>>> print(open('entry_4.cif').read())   # mmCIF, C-alpha atoms
data_model
#
loop_
_atom_site.label_atom_id
_atom_site.label_comp_id
_atom_site.auth_asym_id
_atom_site.auth_seq_id
_atom_site.Cartn_x
_atom_site.Cartn_y
_atom_site.Cartn_z
CA MET F 1 -6.90 -17.74 -24.69
CA LYS F 2 -5.50 -17.48 -21.16
CA THR F 3 -6.02 -20.41 -18.82
CA VAL F 4 -7.34 -20.15 -15.26
CA THR F 5 -3.88 -21.10 -13.98
CA GLU F 6 -2.25 -18.23 -15.87
CA MET F 7 -4.79 -15.73 -14.54
CA THR F 8 -4.30 -17.05 -10.98
CA LYS F 9 -0.55 -16.59 -11.25
CA ARG F 10 -1.07 -12.96 -12.22
CA VAL F 11 -3.38 -12.32 -9.28
CA LYS F 12 -0.80 -13.76 -6.87
CA LEU F 13 1.61 -11.02 -7.93
CA PHE F 14 -0.65 -8.32 -6.46
CA HIS F 15 0.89 -7.22 -3.16
CA ASN F 16 -1.02 -3.96 -2.68
CA PHE F 17 -3.71 -1.73 -4.16
CA ASP F 18 -1.43 -0.04 -6.70
CA GLU F 19 -0.35 -3.37 -8.17
CA ALA F 20 -3.94 -4.62 -8.25
CA ALA F 21 -5.08 -1.39 -9.92
CA GLN F 22 -2.53 -1.80 -12.70
CA GLY F 23 -3.45 -5.46 -13.09
CA VAL F 24 -7.14 -4.63 -13.34
CA LEU F 25 -6.53 -2.07 -16.09
CA ASN F 26 -4.37 -4.52 -17.99
CA MET F 27 -7.08 -7.17 -17.80
CA ILE F 28 -9.84 -4.78 -18.88
CA SER F 29 -7.72 -3.61 -21.82
CA GLU F 30 -7.67 -7.17 -23.15
CA PHE F 31 -11.46 -7.18 -23.47
CA VAL F 32 -12.38 -3.50 -23.95
CA LYS F 33 -10.39 -2.01 -26.83
CA ILE F 34 -10.93 1.60 -25.80
CA ASN F 35 -7.94 3.94 -26.20
CA THR F 36 -7.47 4.89 -22.53
CA LEU F 37 -8.30 3.19 -19.24
CA PHE F 38 -7.45 4.81 -15.94
CA ILE F 39 -8.01 4.71 -12.20
CA ALA F 40 -8.16 7.97 -10.28
CA LYS F 41 -8.51 8.90 -6.63
CA ASN F 42 -9.84 12.12 -5.18
CA ASP F 43 -10.07 14.02 -1.92
CA ASN F 44 -12.98 16.18 -3.12
CA VAL F 45 -10.45 18.90 -3.97
CA ARG F 46 -7.94 17.30 -6.34
CA ASN F 47 -8.31 14.34 -8.67
CA GLN F 48 -5.13 12.31 -9.26
CA ILE F 49 -4.54 9.67 -11.92
CA VAL F 50 -3.20 6.63 -10.06
CA LYS F 51 -2.79 4.15 -12.92
CA VAL F 52 -3.38 4.43 -16.66
CA VAL F 53 -3.22 2.31 -19.81
CA ASN F 54 -3.09 4.20 -23.13
CA GLN F 55 -3.29 2.35 -26.42
CA GLU F 56 -2.75 4.32 -29.65
CA GLU F 57 -2.61 7.82 -28.18
CA GLU F 58 -1.71 9.22 -24.75
CA LEU F 59 -4.87 10.94 -23.58
CA ILE F 60 -4.17 10.69 -19.84
CA ARG F 61 -0.84 10.62 -17.98
CA GLU F 62 -0.18 8.74 -14.76
CA GLY F 63 0.33 11.08 -11.81
CA GLU F 64 -1.36 14.12 -13.30
CA THR F 65 -3.84 16.01 -11.15
CA LEU F 66 -6.73 18.35 -11.84
CA PRO F 67 -9.23 20.25 -9.70
CA TYR F 68 -11.83 17.65 -8.81
CA ASN F 69 -14.79 19.80 -9.91
CA GLU F 70 -13.38 20.02 -13.44
CA THR F 71 -13.13 16.28 -14.07
CA LEU F 72 -15.12 13.51 -15.66
CA CYS F 73 -14.45 11.53 -12.49
CA LYS F 74 -16.62 13.89 -10.45
CA LEU F 75 -19.48 13.35 -12.88
CA SER F 76 -19.07 9.61 -12.43
CA VAL F 77 -19.12 9.89 -8.62
CA ASP F 78 -22.11 12.25 -8.70
CA HIS F 79 -23.92 9.70 -10.86
CA GLY F 80 -23.83 7.25 -7.94
CA GLU F 81 -23.11 3.55 -7.92
CA ASP F 82 -24.43 3.03 -11.44
CA ILE F 83 -22.02 3.22 -14.35
CA LEU F 84 -21.94 6.50 -16.29
CA ILE F 85 -21.67 6.35 -20.09
CA ILE F 86 -21.34 9.46 -22.25
CA SER F 87 -21.35 8.70 -25.96
CA ASP F 88 -20.38 12.21 -27.12
CA LEU F 89 -18.46 14.49 -24.76
CA ALA F 90 -18.90 17.50 -27.01
CA GLU F 91 -22.69 17.19 -27.17
CA SER F 92 -23.54 16.11 -23.61
CA GLU F 93 -24.75 18.89 -21.32
CA LEU F 94 -22.74 17.25 -18.53
CA THR F 95 -19.39 17.54 -20.30
CA GLN F 96 -19.46 20.10 -23.11
CA SER F 97 -18.14 22.87 -20.82
CA LEU F 98 -15.22 20.80 -19.48
CA ASP F 99 -11.73 21.47 -20.81
CA ILE F 100 -11.10 17.81 -21.54
CA ALA F 101 -14.14 17.66 -23.84
CA LYS F 102 -12.90 20.75 -25.67
CA ASP F 103 -9.35 19.35 -25.92
CA LEU F 104 -10.54 16.02 -27.29
CA GLY F 105 -13.11 17.59 -29.59
CA GLY F 106 -15.65 14.99 -28.60
CA GLY F 107 -15.24 11.33 -27.86
CA SER F 108 -16.77 8.90 -25.39
CA PHE F 109 -16.45 8.11 -21.69
CA ILE F 110 -17.34 5.34 -19.28
CA GLY F 111 -16.85 5.56 -15.52
CA ILE F 112 -17.88 3.96 -12.26
CA PRO F 113 -16.94 4.94 -8.69
CA ILE F 114 -14.70 2.86 -6.43
CA TYR F 115 -15.82 2.86 -2.80
CA PHE F 116 -14.34 1.89 0.51
CA GLU F 117 -16.36 -0.71 2.39
CA ASN F 118 -17.83 2.01 4.67
CA GLY F 119 -19.31 3.78 1.65
CA ASP F 120 -16.76 6.57 1.34
CA ASN F 121 -15.54 7.22 -2.18
CA TYR F 122 -11.96 6.39 -3.14
CA GLY F 123 -12.13 7.45 -6.76
CA THR F 124 -13.12 6.00 -10.10
CA ILE F 125 -12.25 3.48 -12.79
CA CYS F 126 -12.81 4.94 -16.24
CA GLY F 127 -12.42 4.54 -19.99
CA LEU F 128 -11.90 7.38 -22.48
CA ASP F 129 -11.63 7.66 -26.26
CA LYS F 130 -11.49 10.48 -28.82
CA LYS F 131 -14.07 8.72 -30.96
CA SER F 132 -17.40 7.07 -30.28
CA PHE F 133 -16.99 3.68 -28.62
CA PRO F 134 -19.62 0.89 -28.73
CA PHE F 135 -20.01 -0.12 -25.09
CA THR F 136 -21.74 -3.49 -24.64
CA GLU F 137 -23.51 -5.08 -21.68
CA GLU F 138 -20.43 -7.28 -21.21
CA HIS F 139 -18.23 -4.18 -20.96
CA ILE F 140 -20.55 -2.66 -18.37
CA ARG F 141 -20.56 -5.83 -16.26
CA LEU F 142 -16.77 -6.00 -16.46
CA PHE F 143 -16.38 -2.43 -15.18
CA GLU F 144 -18.86 -3.10 -12.38
CA THR F 145 -17.07 -6.29 -11.37
CA MET F 146 -13.64 -4.65 -11.37
CA ALA F 147 -14.91 -1.70 -9.30
CA SER F 148 -16.22 -4.19 -6.71
CA LEU F 149 -12.93 -6.08 -6.82
CA LEU F 150 -10.95 -2.90 -6.13
CA THR F 151 -13.21 -2.13 -3.17
CA PHE F 152 -12.27 -5.53 -1.78
CA VAL F 153 -8.56 -4.89 -2.44
CA LEU F 154 -8.74 -1.52 -0.67
CA GLU F 155 -10.07 -3.23 2.44
CA LEU F 156 -7.41 -5.96 2.26
CA ASP F 157 -4.71 -3.31 1.85
CA SER F 158 -6.01 -1.41 4.86
CA ALA F 159 -6.30 -4.55 6.99
CA ASN F 160 -2.80 -5.66 5.98
CA GLN F 161 -1.36 -2.29 7.00
CA GLN F 162 -3.10 -2.50 10.37
CA ILE F 163 -1.70 -5.99 10.91
CA LYS F 164 1.79 -4.74 10.08
CA ASN F 165 1.45 -1.92 12.59
CA LEU F 166 0.11 -4.22 15.28
CA SER F 167 2.77 -6.86 14.70
CA ALA F 168 5.59 -4.34 15.05
CA PRO F 169 4.30 -1.43 17.17
CA PHE F 170 6.77 1.38 17.70
CA VAL F 171 6.71 2.64 21.32
CA PRO F 172 8.48 5.88 22.29
CA ILE F 173 9.73 5.66 25.91
CA THR F 174 11.34 9.05 26.46
CA SER F 175 13.27 11.62 24.45
CA GLY F 176 15.75 9.75 22.26
CA VAL F 177 14.63 6.25 23.30
CA ALA F 178 11.99 3.91 21.83
CA VAL F 179 11.10 0.22 21.86
CA LEU F 180 10.22 -1.91 18.83
CA PRO F 181 8.54 -5.17 19.96
CA VAL F 182 8.71 -7.77 17.18
CA MET F 183 6.06 -10.49 17.36
CA GLY F 184 4.94 -13.55 15.46
CA PHE F 185 6.29 -15.18 12.33
CA ILE F 186 8.71 -13.21 10.15
CA ASN F 187 9.10 -13.73 6.40
CA GLU F 188 11.18 -11.69 3.97
CA VAL F 189 8.43 -9.19 3.18
CA ARG F 190 7.60 -8.55 6.82
CA ALA F 191 11.28 -8.33 7.73
CA GLU F 192 11.77 -5.60 5.13
CA ASN F 193 8.73 -3.72 6.47
CA ILE F 194 10.18 -3.86 10.00
CA ILE F 195 13.52 -2.56 8.74
CA GLN F 196 11.83 0.35 6.98
CA LEU F 197 9.74 1.12 10.07
CA ALA F 198 12.80 1.10 12.32
CA LEU F 199 14.72 3.49 10.08
CA GLN F 200 11.83 5.84 9.42
CA LYS F 201 10.70 6.15 13.03
CA SER F 202 14.26 6.45 14.31
CA GLN F 203 14.77 9.47 12.07
CA ASP F 204 11.33 10.97 12.78
CA LEU F 205 11.86 10.75 16.55
CA ASN F 206 15.57 11.66 16.45
CA LEU F 207 16.45 8.54 18.47
CA ASP F 208 19.70 7.78 20.23
CA TYR F 209 18.67 4.23 21.21
CA LEU F 210 16.21 1.72 19.78
CA VAL F 211 15.45 -1.34 21.88
CA ILE F 212 14.32 -4.25 19.69
CA ASP F 213 12.47 -6.80 21.81
CA LEU F 214 12.38 -10.33 20.38
CA SER F 215 10.48 -12.10 23.15
CA GLY F 216 7.34 -12.29 20.97
CA ILE F 217 8.78 -13.88 17.85
CA SER F 218 7.97 -17.53 17.23
CA GLN F 219 11.10 -18.60 15.35
CA ILE F 220 14.52 -17.47 14.26
CA ASP F 221 16.07 -18.52 10.97
CA HIS F 222 18.36 -17.05 8.34
CA VAL F 223 15.71 -14.50 7.32
CA VAL F 224 15.32 -13.26 10.90
CA SER F 225 19.01 -13.32 11.74
CA ASN F 226 20.02 -11.51 8.55
CA SER F 227 17.27 -8.95 9.13
CA LEU F 228 18.39 -8.29 12.70
CA LEU F 229 21.96 -7.79 11.57
CA LYS F 230 20.77 -5.51 8.76
CA ILE F 231 18.65 -3.42 11.15
CA ALA F 232 21.54 -3.09 13.59
CA THR F 233 23.98 -2.07 10.86
CA LEU F 234 21.64 0.47 9.28
CA LEU F 235 20.68 1.97 12.64
CA LYS F 236 24.36 2.50 13.48
CA LEU F 237 24.88 4.21 10.13
CA VAL F 238 22.20 6.78 10.98
CA GLY F 239 23.56 7.32 14.50
CA VAL F 240 21.17 5.13 16.48
CA THR F 241 22.40 2.50 18.94
CA PRO F 242 20.40 -0.75 18.67
CA ILE F 243 19.81 -2.92 21.72
CA LEU F 244 18.41 -6.45 21.40
CA THR F 245 16.36 -7.96 24.20
CA GLY F 246 14.15 -11.01 24.68
CA PHE F 247 16.48 -13.81 23.54
CA HIS F 248 14.74 -16.71 25.32
CA PRO F 249 16.80 -19.95 25.50
CA ASP F 250 15.64 -21.65 22.30
CA LEU F 251 16.15 -18.44 20.33
CA ALA F 252 19.61 -18.06 21.80
CA LEU F 253 20.55 -21.61 20.82
CA LYS F 254 19.18 -21.14 17.33
CA ALA F 255 21.01 -17.84 16.94
CA ARG F 256 24.24 -19.56 17.97
CA SER F 257 23.69 -22.39 15.47
CA LEU F 258 23.23 -19.79 12.74
CA GLN F 259 26.47 -18.14 13.87
CA MET F 260 24.88 -14.72 14.13
CA GLU F 261 27.54 -12.03 14.39
CA LEU F 262 26.25 -10.37 17.55
CA LYS F 263 29.54 -9.39 19.14
CA ASP F 264 29.18 -5.71 18.17
CA ILE F 265 25.50 -5.46 19.15
CA MET F 266 24.35 -4.56 22.65
CA ILE F 267 22.21 -7.40 24.08
CA GLU F 268 20.28 -7.44 27.35
CA ALA F 269 18.02 -10.08 28.88
CA ASN F 270 14.92 -7.91 29.07
CA LEU F 271 13.57 -4.41 28.53
CA GLU F 272 14.18 -3.25 32.12
CA ARG F 273 17.85 -4.19 31.98
CA ALA F 274 18.21 -2.52 28.59
CA LEU F 275 16.75 0.73 29.90
CA ASN F 276 18.97 0.55 33.01
CA LYS F 277 21.99 0.07 30.75
CA ILE F 278 21.39 3.44 29.10
CA GLY F 279 20.63 5.22 32.36
CA LEU F 280 16.87 4.95 32.62
CA ILE F 281 15.49 3.57 35.89
CA VAL F 282 12.11 1.87 36.00
CA GLU F 283 10.41 2.35 39.36
CA LYS F 284 7.24 0.71 40.57
CA ARG F 285 4.95 3.05 42.46
CA ASP F 286 2.30 1.91 44.88
CA THR F 287 -1.18 3.06 43.94
CA VAL F 288 -3.47 4.45 46.55
#
>>> encode(input="entry_4.cif", output="structure tokens")
Amino acid sequence: MKTVTEMTKRVKLFHNFDEAAQGVLNMISEFVKINTLFIAKNDNVRNQIVKVVNQEEELIREGETLPYNETLCKLSVDHGEDILIISDLAESELTQSLDIAKDLGGGSFIGIPIYFENGDNYGTICGLDKKSFPFTEEHIRLFETMASLLTFVLELDSANQQIKNLSAPFVPITSGVAVLPVMGFINEVRAENIIQLALQKSQDLNLDYLVIDLSGISQIDHVVSNSLLKIATLLKLVGVTPILTGFHPDLALKARSLQMELKDIMIEANLERALNKIGLIVEKRDTV
């Protein structure tokens, strides 16, 4: 039997909704020995299988999509917040006309919707088998609990993405020029997110220059210095000139102690001087 410590370690490995979804299915599969467990999302047009665990036989494949109106998932969503259990797919009036019921030749189904916190539907968490499966009250409570857990994870995922965007907002200035203000504490995960953002936005906006302003970061260490050098190198490889600004005195001293190789990187004291360097003049106009 797994200890609380072992279960906690597994939860700590969840970095986003996809990882949590796979972890949830794995945990359910340890207690509910149904052939197939899956999580699907829908946009009211298409239903896509996000994660799946098959046991003896592959009944569902990860990534496959079907018209939403032709799925068991739609029946589960239409059923509302309560769990939907169908003991015989071939005999139920709800399912006997669906292709999946015909393909399986019967079988059983359990499903419950996953909602966003505002009440909008994300999709479903479901179980499927070609034979009759004896669902217990414990199974039902487990599905209900995991659906609630995934609602919570969806909100955390959304909030985390918003924090990432706020902590490294990408600001276009004019054609070919943008500013990336970097603020707060930077760890390895956040540094990688900033690198990906810089590369993606630079390509999307067809940039010639990207000004990376460091005046808002709270510390500089090997993670930060290596990330800055990596960003600068990668930007040059895709034809974008990086410019660093905002090295306040303590950051400058720390950068020197880390022996950052900044000799090939354009550095200016502040944003205005960086823009002037590339031919953009900032003028203050009096308001009436």
>>> resolve_selection(input="entry_4.cif", expression="the PyMOL selection byres ((chain F and resi 61) around 12)", output="count of residues only")
21
>>> resolve_selection(input="entry_4.cif", expression="the PyMOL selection byres ((chain F and resi 147) around 12)", output="number ranges by chain")
F: 20-21, 24-25, 28, 38-40, 81-83, 111-117, 121-126, 140-146, 148-154
>>> atom_distance(input="entry_4.cif", atom1="CA of Val179 (chain F)", atom2="CA of Leu271 (chain F)")
8.5 Å
>>> atom_distance(input="entry_4.cif", atom1="CA of Gly127 (chain F)", atom2="CA of Ile86 (chain F)")
10.4 Å
>>> residues_around(input="entry_4.cif", residues="region 203-210 of chain F", least_positions_apart="3", cutoff="8 Å", atoms="only C-alpha atoms", output="JSON, numbers by chain")
{"F": [175, 176, 177, 178, 179, 180, 199, 200, 238, 239, 240, 241, 242, 243]}
>>> resolve_selection(input="entry_4.cif", expression="the PyMOL selection byres ((chain F and resi 33) around 10)", output="PyMOL selection string")
chain F and resi 28-32+34-37+55+127+129+133-135
>>> closest_residue(input="entry_4.cif", among="F:Gly216, F:Ile173, F:Ser202, F:Cys73", to="Leu280 (chain F)", atoms="all atoms listed in the file")
F:Ile173
>>> residues_around(input="entry_4.cif", residues="Leu75 (chain F)", least_positions_apart="6", cutoff="9 Å", atoms="all atoms listed in the file", output="list in words")
Asn69, Leu84, Leu94, Thr95 and Gly111 of chain F
>>> atom_distance(input="entry_4.cif", atom1="CA of Asn276 (chain F)", atom2="CA of Ser227 (chain F)")
25.8 Å
>>> closest_residue(input="entry_4.cif", among="F:Asn26, F:Leu228, F:Ile85, F:Ile281", to="His139 (chain F)", atoms="all atoms listed in the file")
F:Ile85
